[in-house]
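Asks: The structure file my_file08.txt (compact mmCIF, C-alpha atoms) is provided below.
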# COMPACT_ATOMS: atom_id res chain seq x y z
CA MET A 20 7.63 7.46 36.72
CA THR A 21 3.98 8.43 36.37
CA ASP A 22 5.16 10.69 33.56
CA VAL A 23 6.35 7.63 31.65
CA VAL A 24 3.03 5.89 32.25
CA THR A 25 1.03 8.87 30.96
CA THR A 26 3.12 9.31 27.80
CA GLY A 27 3.02 5.58 27.21
CA LEU A 28 -0.76 5.58 27.49
CA LEU A 29 -0.97 8.47 25.02
CA LEU A 30 1.26 6.57 22.59
CA ASP A 31 -0.80 3.38 22.96
CA GLY A 32 -4.02 5.33 22.49
CA LEU A 33 -2.72 6.96 19.31
CA ILE A 34 -1.61 3.62 17.86
CA ALA A 35 -5.01 2.10 18.71
CA LEU A 36 -6.85 5.02 17.07
CA LEU A 37 -4.64 4.72 14.00
CA LEU A 38 -5.36 0.99 13.76
CA ALA A 39 -9.10 1.51 14.06
CA GLY A 40 -9.11 4.32 11.50
CA LEU A 41 -6.99 2.32 9.04
CA ALA A 42 -9.23 -0.75 9.42
CA PHE A 43 -12.36 1.34 8.87
CA ARG A 44 -11.00 3.03 5.77
CA LEU A 45 -9.58 -0.27 4.47
CA LEU A 46 -13.00 -1.93 4.65
CA ARG A 47 -14.94 1.03 3.28
CA THR A 48 -12.86 1.99 0.24
CA ARG A 49 -13.88 0.93 -3.28
CA ASP A 50 -10.40 1.31 -4.74
CA LEU A 51 -8.66 -2.07 -4.55
CA PHE A 52 -5.17 -0.62 -4.92
CA GLU A 53 -5.77 1.75 -2.03
CA ALA A 54 -7.14 -1.16 0.00
CA ILE A 55 -3.94 -3.16 -0.59
CA MET A 56 -1.73 -0.24 0.40
CA LEU A 57 -3.81 0.35 3.52
CA PHE A 58 -3.56 -3.36 4.33
CA VAL A 59 0.23 -3.11 4.27
CA ALA A 60 0.12 0.03 6.41
CA TYR A 61 -2.28 -1.73 8.81
CA GLY A 62 0.06 -4.71 9.15
CA LEU A 63 3.06 -2.50 9.92
CA THR A 64 1.07 -0.44 12.45
CA LEU A 65 -0.05 -3.70 14.04
CA ALA A 66 3.63 -4.64 14.33
CA LEU A 67 4.16 -1.38 16.26
CA ALA A 68 1.27 -2.35 18.53
CA TRP A 69 2.84 -5.77 19.19
CA ILE A 70 6.06 -3.97 20.11
CA ARG A 71 4.18 -1.84 22.63
CA VAL A 72 2.63 -4.96 24.13
CA GLY A 73 6.15 -6.34 24.55
CA ALA A 74 6.20 -9.09 21.92
CA PRO A 75 8.95 -8.22 19.42
CA ASP A 76 9.04 -11.72 17.93
CA ILE A 77 5.37 -11.55 16.96
CA ALA A 78 6.03 -8.06 15.61
CA LEU A 79 8.78 -9.50 13.40
CA ALA A 80 6.46 -12.18 12.05
CA GLU A 81 3.65 -9.67 11.52
CA ALA A 82 5.89 -7.25 9.62
CA ALA A 83 7.54 -9.87 7.42
CA LEU A 84 4.59 -12.17 6.76
CA GLY A 85 1.43 -10.20 7.54
CA ALA A 86 2.48 -7.02 5.78
CA GLY A 87 5.28 -8.05 3.42
CA VAL A 88 4.47 -11.40 1.85
CA THR A 89 0.67 -11.05 1.99
CA GLY A 90 0.83 -7.54 0.57
CA ALA A 91 3.04 -8.70 -2.31
CA LEU A 92 0.70 -11.61 -3.04
CA PHE A 93 -2.34 -9.31 -3.03
CA LEU A 94 -0.56 -7.00 -5.44
CA ASN A 95 0.28 -9.85 -7.75
CA ALA A 96 -3.36 -10.93 -7.81
CA TRP A 97 -4.48 -7.34 -8.40
CA HIS A 98 -2.03 -7.03 -11.29
CA ARG A 99 -3.41 -10.16 -12.96
CA LEU A 100 -7.01 -8.99 -12.51
CA ALA A 101 -6.20 -5.57 -13.91
CA VAL A 102 -4.35 -7.00 -16.91
CA ARG A 103 -7.25 -9.32 -17.66
CA ALA A 104 -9.69 -6.42 -17.44
CA GLY A 105 -7.73 -4.55 -20.09
CA SER A 106 -5.01 -2.02 -19.82
CA ASP A 107 -7.07 0.20 -17.58
CA ASP A 108 -6.14 0.95 -14.03
CA ARG A 109 -9.68 0.45 -12.81
CA LEU A 110 -11.21 -2.93 -12.31
CA PRO A 111 -14.65 -3.72 -13.73
CA MET A 112 -16.06 -4.40 -10.27
CA GLU A 113 -15.18 -0.94 -9.10
CA ALA A 114 -17.71 1.84 -9.04
CA ASP A 115 -17.28 5.48 -8.27
CA PRO A 116 -18.23 6.18 -4.68
CA MET B 4 14.79 10.37 29.92
CA THR B 5 12.44 7.46 29.25
CA ALA B 6 9.44 9.79 29.32
CA PHE B 7 11.16 12.03 26.76
CA LEU B 8 11.90 9.07 24.51
CA VAL B 9 8.31 7.83 24.64
CA GLY B 10 7.20 11.39 23.92
CA VAL B 11 9.41 11.47 20.82
CA ALA B 12 7.90 8.14 19.76
CA PHE B 13 4.42 9.66 20.22
CA PHE B 14 5.37 12.60 18.02
CA LEU B 15 6.72 10.27 15.33
CA VAL B 16 3.56 8.13 15.35
CA ALA B 17 1.58 11.35 14.90
CA ASN B 18 3.79 12.11 11.88
CA LEU B 19 3.09 8.64 10.56
CA ALA B 20 -0.65 9.25 10.86
CA GLY B 21 -0.25 12.52 8.98
CA GLY B 22 1.58 10.75 6.17
CA LEU B 23 -1.13 8.11 5.98
CA VAL B 24 -3.64 10.88 5.28
CA ARG B 25 -1.72 11.44 2.05
CA VAL B 26 -1.83 7.70 1.30
CA ILE B 27 -5.62 7.73 1.69
CA ARG B 28 -6.24 10.98 -0.21
CA GLY B 29 -3.42 10.83 -2.77
CA PRO B 30 -4.89 11.18 -6.26
CA THR B 31 -2.38 8.96 -8.09
CA GLN B 32 -1.10 5.47 -7.39
CA ALA B 33 2.37 6.91 -6.82
CA ASP B 34 1.02 8.71 -3.75
CA ARG B 35 -0.18 5.41 -2.36
CA VAL B 36 3.06 3.53 -3.05
CA ILE B 37 4.69 6.10 -0.75
CA ALA B 38 3.17 4.28 2.27
CA ALA B 39 5.88 1.59 2.21
CA GLN B 40 8.71 4.11 2.24
CA LEU B 41 6.90 6.11 4.92
CA PHE B 42 7.08 3.11 7.22
CA GLY B 43 10.66 2.54 6.05
CA THR B 44 11.80 5.86 7.55
CA THR B 45 9.31 6.98 10.21
CA GLY B 46 8.55 3.44 11.39
CA VAL B 47 12.26 2.66 11.72
CA ALA B 48 12.77 5.85 13.73
CA ILE B 49 9.88 4.93 16.06
CA LEU B 50 11.30 1.45 16.61
CA LEU B 51 14.81 2.78 17.33
CA VAL B 52 13.54 5.30 19.88
CA LEU B 53 11.37 2.67 21.54
CA SER B 54 14.25 0.19 21.63
CA VAL B 55 16.27 2.64 23.74
CA ALA B 56 13.25 3.49 25.89
CA ALA B 57 12.51 -0.16 26.60
CA ASP B 58 16.21 -1.12 26.63
CA SER B 59 15.48 -4.06 24.37
CA ARG B 60 17.75 -5.28 21.63
CA PRO B 61 15.24 -7.28 19.48
CA LEU B 62 13.41 -4.06 18.61
CA MET B 63 16.46 -3.04 16.61
CA ASP B 64 16.19 -6.22 14.54
CA THR B 65 12.53 -5.42 13.90
CA ALA B 66 13.65 -1.98 12.68
CA LEU B 67 16.04 -3.72 10.28
CA ILE B 68 13.15 -5.84 8.95
CA PHE B 69 11.04 -2.69 8.43
CA ALA B 70 13.85 -1.07 6.43
CA LEU B 71 14.36 -4.17 4.28
CA LEU B 72 10.64 -4.54 3.74
CA ALA B 73 10.26 -0.99 2.42
CA VAL B 74 12.67 -1.71 -0.44
CA VAL B 75 11.16 -5.08 -1.34
CA MET B 76 7.59 -3.80 -1.21
CA THR B 77 8.26 -0.74 -3.34
CA VAL B 78 10.12 -2.73 -5.99
CA VAL B 79 7.22 -5.21 -6.09
CA PHE B 80 4.78 -2.30 -6.44
CA VAL B 81 6.68 -0.73 -9.27
CA LYS B 82 7.35 -3.96 -11.14
CA ARG B 83 4.10 -5.85 -10.54
CA GLY B 84 1.60 -3.50 -9.00
CA TRP B 85 1.07 -0.84 -11.58
CA VAL B 86 -0.90 -1.08 -14.75
CA ARG B 87 -0.03 1.64 -17.16
CA ALA B 88 -2.55 4.01 -18.66
CA PRO B 89 -3.85 3.18 -22.15
CA GLY B 90 -1.61 4.36 -24.94
CA THR B 91 1.67 3.70 -23.17
CA PRO B 92 3.59 0.48 -23.76
CA THR B 93 2.55 -2.07 -21.17
CA ALA B 94 4.93 -4.03 -19.04
CA PRO B 95 5.40 -7.72 -19.84
CA GLU B 96 2.48 -9.60 -18.35
CA ASP B 97 4.32 -12.43 -16.67
CA ALA B 98 7.82 -12.97 -15.44
CA MET C 29 28.32 11.70 36.09
CA THR C 30 28.83 14.89 34.17
CA LEU C 31 29.77 12.93 31.05
CA GLU C 32 26.45 11.13 31.26
CA LEU C 33 24.72 14.50 31.46
CA VAL C 34 26.50 15.74 28.32
CA VAL C 35 25.66 12.54 26.43
CA ASP C 36 22.01 12.74 27.47
CA GLY C 37 21.87 16.39 26.42
CA LEU C 38 23.34 15.55 23.03
CA THR C 39 20.79 12.75 22.61
CA VAL C 40 17.94 15.13 23.37
CA LEU C 41 19.35 17.67 20.92
CA PHE C 42 19.76 15.10 18.13
CA LEU C 43 16.30 13.62 18.69
CA LEU C 44 14.64 17.05 18.66
CA THR C 45 16.44 17.95 15.43
CA GLY C 46 15.34 14.63 13.95
CA CYS C 47 11.75 15.35 14.99
CA PHE C 48 11.95 18.72 13.27
CA PHE C 49 13.01 17.12 9.98
CA PHE C 50 10.30 14.47 10.26
CA LEU C 51 7.76 17.24 10.82
CA ALA C 52 9.09 19.06 7.76
CA GLY C 53 8.80 15.86 5.73
CA THR C 54 5.21 15.28 6.83
CA VAL C 55 4.19 18.87 6.11
CA GLY C 56 5.81 18.59 2.69
CA LEU C 57 4.05 15.31 2.04
CA LEU C 58 0.70 16.90 2.83
CA ARG C 59 1.15 20.30 1.23
CA PHE C 60 3.35 19.90 -1.86
CA PRO C 61 1.51 20.19 -5.17
CA ASP C 62 2.50 17.04 -7.10
CA VAL C 63 3.90 13.52 -6.79
CA TYR C 64 7.49 14.44 -7.55
CA CYS C 65 7.64 17.19 -4.92
CA ARG C 66 6.08 14.82 -2.38
CA LEU C 67 8.63 12.12 -3.20
CA HIS C 68 11.34 14.69 -2.63
CA ALA C 69 9.93 15.64 0.79
CA LEU C 70 9.53 12.02 1.84
CA THR C 71 12.88 10.64 0.75
CA LYS C 72 15.16 13.57 1.61
CA ALA C 73 13.75 15.21 4.72
CA ASP C 74 12.72 11.95 6.37
CA SER C 75 16.07 10.28 5.63
CA LEU C 76 17.90 13.20 7.22
CA GLY C 77 15.56 13.07 10.21
CA LEU C 78 16.24 9.36 10.55
CA GLY C 79 19.97 10.16 10.47
CA PHE C 80 19.60 12.49 13.45
CA VAL C 81 17.47 9.94 15.31
CA VAL C 82 20.11 7.26 14.63
CA ALA C 83 22.82 9.57 15.97
CA GLY C 84 20.81 10.31 19.11
CA VAL C 85 20.01 6.66 19.71
CA ALA C 86 23.60 5.53 19.04
CA LEU C 87 24.84 7.75 21.88
CA GLN C 88 22.72 5.75 24.33
CA LEU C 89 24.04 2.35 23.31
CA ARG C 90 26.71 0.48 25.26
CA SER C 91 28.35 -1.79 22.68
CA TRP C 92 30.07 -0.94 19.41
CA HIS C 93 28.32 -3.86 17.80
CA GLU C 94 24.93 -2.16 18.10
CA VAL C 95 26.33 1.15 16.89
CA LEU C 96 27.67 -0.62 13.81
CA LEU C 97 24.25 -2.19 13.27
CA LEU C 98 22.65 1.26 13.42
CA GLY C 99 25.16 2.62 10.92
CA ILE C 100 24.39 -0.21 8.49
CA LEU C 101 20.68 0.40 9.04
CA TRP C 102 20.96 4.08 8.14
CA PHE C 103 23.07 3.34 5.07
CA LEU C 104 20.45 0.79 3.97
CA VAL C 105 17.62 3.29 4.42
CA LEU C 106 19.56 5.98 2.53
CA SER C 107 20.23 3.79 -0.48
CA ALA C 108 16.67 2.47 -0.34
CA ALA C 109 15.27 6.01 -0.36
CA ALA C 110 17.35 6.95 -3.40
CA THR C 111 16.35 3.79 -5.28
CA ILE C 112 12.67 4.08 -4.39
CA CYS C 113 12.53 7.76 -5.33
CA TYR C 114 14.01 7.06 -8.77
CA LEU C 115 11.80 4.00 -9.44
CA VAL C 116 8.52 5.60 -8.39
CA ALA C 117 9.21 8.90 -10.14
CA SER C 118 10.25 7.32 -13.44
CA GLU C 119 7.27 4.97 -13.38
CA ALA C 120 4.90 7.85 -12.60
CA LEU C 121 6.39 9.79 -15.53
CA ALA C 122 5.94 6.76 -17.79
CA GLN C 123 2.31 6.55 -16.66
CA GLY C 124 1.74 10.11 -17.80
CA VAL C 125 1.56 11.97 -14.51
CA ASP C 126 2.49 15.54 -15.40
CA PRO C 127 4.89 17.47 -13.20
CA VAL C 128 3.40 20.67 -11.88
CA GLY C 129 4.19 23.70 -14.03
CA SER C 130 5.11 21.63 -17.09
CA GLY C 131 2.19 23.14 -18.97
CA ALA C 132 1.22 19.80 -20.49
CA SER C 133 -2.34 18.74 -19.88
CA GLN C 134 -2.58 15.29 -21.45
CA GLY C 135 -2.71 12.28 -19.19
CA GLN C 136 -3.80 12.23 -15.60
CA SER C 137 -2.91 15.18 -13.47
CA GLY C 138 -0.68 14.61 -10.48
CA THR C 139 -1.89 17.71 -8.76
CA GLU C 140 -4.70 17.80 -6.30
CA GLU C 141 -7.43 20.35 -6.69
CA ALA C 142 -7.95 22.62 -3.71
CA PRO C 143 -10.85 21.50 -1.51
Give the structure from this file in structure tokens form.

Replies:
Amino acid sequence: MTDVVTTGLLLDGLIALLLAGLAFRLLRTRDLFEAIMLFVAYGLTLALAWIRVGAPDIALAEAALGAGVTGALFLNAWHRLAVRAGSDDRLPMEADP
Amino acid sequence: MTAFLVGVAFFLVANLAGGLVRVIRGPTQADRVIAAQLFGTTGVAILLVLSVAADSRPLMDTALIFALLAVVMTVVFVKRGWVRAPGTPTAPEDA
Amino acid sequence: MTLELVVDGLTVLFLLTGCFFFLAGTVGLLRFPDVYCRLHALTKADSLGLGFVVAGVALQLRSWHEVLLLGILWFLVLSAAATICYLVASEALAQGVDPVGSGASQGQSGTEEAP
């Protein structure tokens, strides 16, 4: 029994660390495409966290809306910005880190 | 048995974190697009193992959503996300 | 009683095998030299690992309905992996990412320089 609790705590800790690391990197990066991909990854990891908390319905909504639809919309916006900036895969607002 | 299952889930989340290192470092956009498919396989496996550990049926439906999402996201990435390098024919701007 | 023991043992065996393939996929994803090799590691090894995990999980279920759902899920992931691999690889090729060992040097390089 206590074995289950310990492993569960380890799992929760790893998911929390992953979330914090993803959020940090997502806010720090200068590459918009990478930021969008990390946003999707963050949303899906957050869905895993909701599962661990015992809320599968919120996890469903987070995965479908938070990661899926929002990620697709971000990508669409990024595509339009990149096309407007010329056929270059870097946006004018980006700078090398 | 439950402790073993949660342990397997822990191992799979660690694998997921390792794959995300590639998403962060990956030099080309193709390496970053991989993130969606990574969650489509490893994330589904995590959810399935957890659904047995917690004996909860809705987790399996969440796994189904993850699998569906991976396809949709990747197709959106390929069709709308990428801007080709100069010199190659560009995709049509708007659908 | 003893049947339960056998089923549990099989589940453990399947899950451990699945974990091995997931580990192989992750190592490949981190260590392989270019995009196409990494796609191969991700879509093949991980799909096989997911197959073993599905088999292990299916042994623990009580109704055929859920087993059928798992089977459909694995088939969906398999076909998705094949489609995704083809789409991403062909688009990367169209973008000018060179496969490793092709000798060509124009366009962006898909390989990662050693740190």

Asks: For A:Ala96, list every protein, DNA or RNA residue within 12 Å, evaluated using only C-alpha atoms, and leave out those in the same chain fewer than 3 positions away; present the list as a PyMOL selection string.

Replies: (chain A and resi 51-52+55+89-93+99-103) or (chain B and resi 80+83-85+97)

Asks: Give me, please, the distance in Å between atom CA of B:Lys82 and atom CA of A:Leu94, quoted to one decimal.

Replies: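 Atom-to-atom, atom CA of B:Lys82 and atom CA of A:Leu94 are spaced 10.2 Å apart.
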
Asks: Just the residues within 10 Å of A:Asp76, please, counting all atoms listed in the file, with nothing from its chain fewer than 2 positions along; format it as a PDB file with C-alpha atoms, keeping the file's coordinate frame.

Replies:
ATOM      1  CA  ALA A  66       3.630  -4.640  14.330  1.00  0.00           C
ATOM      2  CA  TRP A  69       2.840  -5.770  19.190  1.00  0.00           C
ATOM      3  CA  ILE A  70       6.060  -3.970  20.110  1.00  0.00           C
ATOM      4  CA  GLY A  73       6.150  -6.340  24.550  1.00  0.00           C
ATOM      5  CA  ALA A  74       6.200  -9.090  21.920  1.00  0.00           C
ATOM      6  CA  ALA A  78       6.030  -8.060  15.610  1.00  0.00           C
ATOM      7  CA  LEU A  79       8.780  -9.500  13.400  1.00  0.00           C
ATOM      8  CA  ALA A  80       6.460 -12.180  12.050  1.00  0.00           C
ATOM      9  CA  GLU A  81       3.650  -9.670  11.520  1.00  0.00           C
ATOM     10  CA  ALA A  82       5.890  -7.250   9.620  1.00  0.00           C
TER      11      ALA A  82
ATOM     12  CA  PRO B  61      15.240  -7.280  19.480  1.00  0.00           C
ATOM     13  CA  LEU B  62      13.410  -4.060  18.610  1.00  0.00           C
ATOM     14  CA  ASP B  64      16.190  -6.220  14.540  1.00  0.00           C
ATOM     15  CA  THR B  65      12.530  -5.420  13.900  1.00  0.00           C
TER      16      THR B  65
END

Asks: Taking 3 positions as the minimum chain separation for residues in the same chain, which residues sit within 12 Å of A:Asp31 when counting all atoms listed in the file? Answer as a list in words.

Replies: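 In the requested format, the answer is Val24, Thr25, Thr26, Gly27, Leu28, Ile34, Ala35, Leu36, Leu37, Leu38, Thr64, Leu65, Leu67, Ala68, Trp69, Ile70, Arg71 and Val72 of chain A; Val9, Gly10, Ala12, Phe13, Val16 and Ala17 of chain B.
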
Asks: What gap, in Å, lies between atom CA of C:Phe80 and atom CA of C:Gly99?

Replies: 11.6 Å

Asks: Considering all atoms listed in the file, state which residue in the set B:Leu50, B:Ala6, B:Leu19, B:Ala73 is at the smallest distance from chain A.

Replies: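 Closest to chain A of all the choices is B:Ala6.
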
Asks: Would you give me, as a Markdown table, each residue of chain C having an atom within 6 Å of an atom of chain B, along with its shortest atom pair and that distance in Å to one decimal, using all atoms listed in the file and sorting by chain and residue number?

Replies:
| residue | atom | partner | partner_atom | distance |
| --- | --- | --- | --- | --- |
| C:Thr54 | CA | B:Gly22 | CA | 5.8 |
| C:Leu78 | CA | B:Ala48 | CA | 5.9 |
| C:Ala108 | CA | B:Val74 | CA | 5.8 |
| C:Gln123 | CA | B:Arg87 | CA | 5.5 |

Asks: Can you write out the residues you just picked, keeping C-alpha atoms, as a PDB file, keeping the file's coordinate frame?

Replies:
ATOM      1  CA  THR C  54       5.210  15.280   6.830  1.00  0.00           C
ATOM      2  CA  LEU C  78      16.240   9.360  10.550  1.00  0.00           C
ATOM      3  CA  ALA C 108      16.670   2.470  -0.340  1.00  0.00           C
ATOM      4  CA  GLN C 123       2.310   6.550 -16.660  1.00  0.00           C
TER       5      GLN C 123
END

Asks: Do you know which residues lie at most 9 Å from (22.0, 4.5, 26.6), with coordinates as in the file and only C-alpha atoms counted, and could you write them as a list in words?

Replies: Val55, Ala56 and Asp58 of chain B; Val35, Asp36, Val85, Ala86, Leu87, Gln88, Leu89 and Arg90 of chain C

Asks: Hey, can you pull every residue with an atom no more than 10 Å from (-1.9, -2.1, 5.3), using only C-alpha atoms, and send it as a count of residues only?

Replies: 24

Asks: Excluding stretch 55-67 of chain C and any residue of its chain fewer than 2 positions from it, enumerate the residues within 7 Å of it, using all atoms listed in the file, and give them as JSON, numbers by chain.

Replies: {"B": [22, 25, 33, 34], "C": [51, 52, 53, 69, 70, 71, 113, 117, 127, 128, 138, 139, 140]}

Asks: Quick one: stretch 56-66 of chain C from the block, all heavy atoms, as a PDB file, in the first residue's frame.

Replies:
ATOM      1  N   GLY C  56      16.772   6.089 -29.535  1.00  0.00           N
ATOM      2  CA  GLY C  56      16.922   6.378 -30.955  1.00  0.00           C
ATOM      3  C   GLY C  56      16.595   7.819 -31.274  1.00  0.00           C
ATOM      4  O   GLY C  56      17.295   8.480 -32.042  1.00  0.00           O
ATOM      5  N   LEU C  57      15.542   8.313 -30.651  1.00  0.00           N
ATOM      6  CA  LEU C  57      15.129   9.699 -30.889  1.00  0.00           C
ATOM      7  C   LEU C  57      16.221  10.680 -30.467  1.00  0.00           C
ATOM      8  O   LEU C  57      16.425  11.710 -31.102  1.00  0.00           O
ATOM      9  CB  LEU C  57      13.850   9.972 -30.099  1.00  0.00           C
ATOM     10  CG  LEU C  57      13.050  11.206 -30.458  1.00  0.00           C
ATOM     11  CD1 LEU C  57      12.609  11.132 -31.883  1.00  0.00           C
ATOM     12  CD2 LEU C  57      11.845  11.313 -29.549  1.00  0.00           C
ATOM     13  N   LEU C  58      16.941  10.333 -29.414  1.00  0.00           N
ATOM     14  CA  LEU C  58      17.972  11.250 -28.920  1.00  0.00           C
ATOM     15  C   LEU C  58      19.297  11.070 -29.637  1.00  0.00           C
ATOM     16  O   LEU C  58      20.057  12.019 -29.772  1.00  0.00           O
ATOM     17  CB  LEU C  58      18.179  11.040 -27.411  1.00  0.00           C
ATOM     18  CG  LEU C  58      17.045  11.532 -26.535  1.00  0.00           C
ATOM     19  CD1 LEU C  58      17.345  11.254 -25.074  1.00  0.00           C
ATOM     20  CD2 LEU C  58      16.823  13.017 -26.732  1.00  0.00           C
ATOM     21  N   ARG C  59      19.593   9.874 -30.119  1.00  0.00           N
ATOM     22  CA  ARG C  59      20.944   9.604 -30.591  1.00  0.00           C
ATOM     23  C   ARG C  59      21.078   9.519 -32.110  1.00  0.00           C
ATOM     24  O   ARG C  59      22.186   9.641 -32.619  1.00  0.00           O
ATOM     25  CB  ARG C  59      21.460   8.279 -29.986  1.00  0.00           C
ATOM     26  CG  ARG C  59      21.534   8.271 -28.498  1.00  0.00           C
ATOM     27  CD  ARG C  59      22.592   9.208 -27.970  1.00  0.00           C
ATOM     28  NE  ARG C  59      23.913   8.891 -28.484  1.00  0.00           N
ATOM     29  CZ  ARG C  59      24.952   9.700 -28.376  1.00  0.00           C
ATOM     30  NH1 ARG C  59      24.811  10.861 -27.788  1.00  0.00           N
ATOM     31  NH2 ARG C  59      26.123   9.351 -28.852  1.00  0.00           N
ATOM     32  N   PHE C  60      19.985   9.263 -32.840  1.00  0.00           N
ATOM     33  CA  PHE C  60      20.121   9.064 -34.275  1.00  0.00           C
ATOM     34  C   PHE C  60      20.534  10.356 -34.968  1.00  0.00           C
ATOM     35  O   PHE C  60      20.187  11.443 -34.524  1.00  0.00           O
ATOM     36  CB  PHE C  60      18.825   8.525 -34.858  1.00  0.00           C
ATOM     37  CG  PHE C  60      18.692   7.039 -34.731  1.00  0.00           C
ATOM     38  CD1 PHE C  60      17.512   6.390 -35.037  1.00  0.00           C
ATOM     39  CD2 PHE C  60      19.750   6.282 -34.290  1.00  0.00           C
ATOM     40  CE1 PHE C  60      17.396   5.016 -34.911  1.00  0.00           C
ATOM     41  CE2 PHE C  60      19.650   4.912 -34.154  1.00  0.00           C
ATOM     42  CZ  PHE C  60      18.468   4.282 -34.471  1.00  0.00           C
ATOM     43  N   PRO C  61      21.259  10.236 -36.090  1.00  0.00           N
ATOM     44  CA  PRO C  61      21.909  11.418 -36.661  1.00  0.00           C
ATOM     45  C   PRO C  61      20.995  12.366 -37.422  1.00  0.00           C
ATOM     46  O   PRO C  61      21.285  13.555 -37.458  1.00  0.00           O
ATOM     47  CB  PRO C  61      22.966  10.819 -37.597  1.00  0.00           C
ATOM     48  CG  PRO C  61      22.444   9.476 -37.944  1.00  0.00           C
ATOM     49  CD  PRO C  61      21.725   8.992 -36.736  1.00  0.00           C
ATOM     50  N   ASP C  62      19.913  11.931 -38.076  1.00  0.00           N
ATOM     51  CA  ASP C  62      19.117  12.911 -38.813  1.00  0.00           C
ATOM     52  C   ASP C  62      17.619  12.655 -38.664  1.00  0.00           C
ATOM     53  O   ASP C  62      17.196  11.690 -38.025  1.00  0.00           O
ATOM     54  CB  ASP C  62      19.541  12.982 -40.284  1.00  0.00           C
ATOM     55  CG  ASP C  62      19.001  11.827 -41.090  1.00  0.00           C
ATOM     56  OD1 ASP C  62      18.484  10.892 -40.471  1.00  0.00           O
ATOM     57  OD2 ASP C  62      19.107  11.855 -42.315  1.00  0.00           O
ATOM     58  N   VAL C  63      16.834  13.563 -39.237  1.00  0.00           N
ATOM     59  CA  VAL C  63      15.388  13.570 -39.029  1.00  0.00           C
ATOM     60  C   VAL C  63      14.751  12.249 -39.426  1.00  0.00           C
ATOM     61  O   VAL C  63      13.861  11.738 -38.744  1.00  0.00           O
ATOM     62  CB  VAL C  63      14.762  14.713 -39.848  1.00  0.00           C
ATOM     63  CG1 VAL C  63      13.280  14.782 -39.591  1.00  0.00           C
ATOM     64  CG2 VAL C  63      15.411  16.021 -39.511  1.00  0.00           C
ATOM     65  N   TYR C  64      15.211  11.695 -40.543  1.00  0.00           N
ATOM     66  CA  TYR C  64      14.549  10.500 -41.069  1.00  0.00           C
ATOM     67  C   TYR C  64      14.785   9.297 -40.160  1.00  0.00           C
ATOM     68  O   TYR C  64      13.860   8.503 -39.906  1.00  0.00           O
ATOM     69  CB  TYR C  64      15.046  10.242 -42.493  1.00  0.00           C
ATOM     70  CG  TYR C  64      14.932  11.484 -43.349  1.00  0.00           C
ATOM     71  CD1 TYR C  64      16.029  12.291 -43.603  1.00  0.00           C
ATOM     72  CD2 TYR C  64      13.702  11.881 -43.835  1.00  0.00           C
ATOM     73  CE1 TYR C  64      15.915  13.446 -44.347  1.00  0.00           C
ATOM     74  CE2 TYR C  64      13.575  13.034 -44.579  1.00  0.00           C
ATOM     75  CZ  TYR C  64      14.687  13.812 -44.830  1.00  0.00           C
ATOM     76  OH  TYR C  64      14.556  14.963 -45.555  1.00  0.00           O
ATOM     77  N   CYS C  65      16.018   9.168 -39.644  1.00  0.00           N
ATOM     78  CA  CYS C  65      16.298   8.092 -38.697  1.00  0.00           C
ATOM     79  C   CYS C  65      15.460   8.263 -37.433  1.00  0.00           C
ATOM     80  O   CYS C  65      14.915   7.307 -36.883  1.00  0.00           O
ATOM     81  CB  CYS C  65      17.781   8.085 -38.326  1.00  0.00           C
ATOM     82  SG  CYS C  65      18.874   7.784 -39.700  1.00  0.00           S
ATOM     83  N   ARG C  66      15.333   9.523 -36.979  1.00  0.00           N
ATOM     84  CA  ARG C  66      14.565   9.769 -35.748  1.00  0.00           C
ATOM     85  C   ARG C  66      13.095   9.436 -35.958  1.00  0.00           C
ATOM     86  O   ARG C  66      12.445   8.860 -35.090  1.00  0.00           O
ATOM     87  CB  ARG C  66      14.715  11.222 -35.336  1.00  0.00           C
ATOM     88  CG  ARG C  66      16.083  11.523 -34.776  1.00  0.00           C
ATOM     89  CD  ARG C  66      16.190  12.985 -34.409  1.00  0.00           C
ATOM     90  NE  ARG C  66      17.574  13.420 -34.536  1.00  0.00           N
ATOM     91  CZ  ARG C  66      17.943  14.530 -35.137  1.00  0.00           C
ATOM     92  NH1 ARG C  66      17.045  15.320 -35.669  1.00  0.00           N
ATOM     93  NH2 ARG C  66      19.211  14.847 -35.205  1.00  0.00           N
TER      94      ARG C  66
END
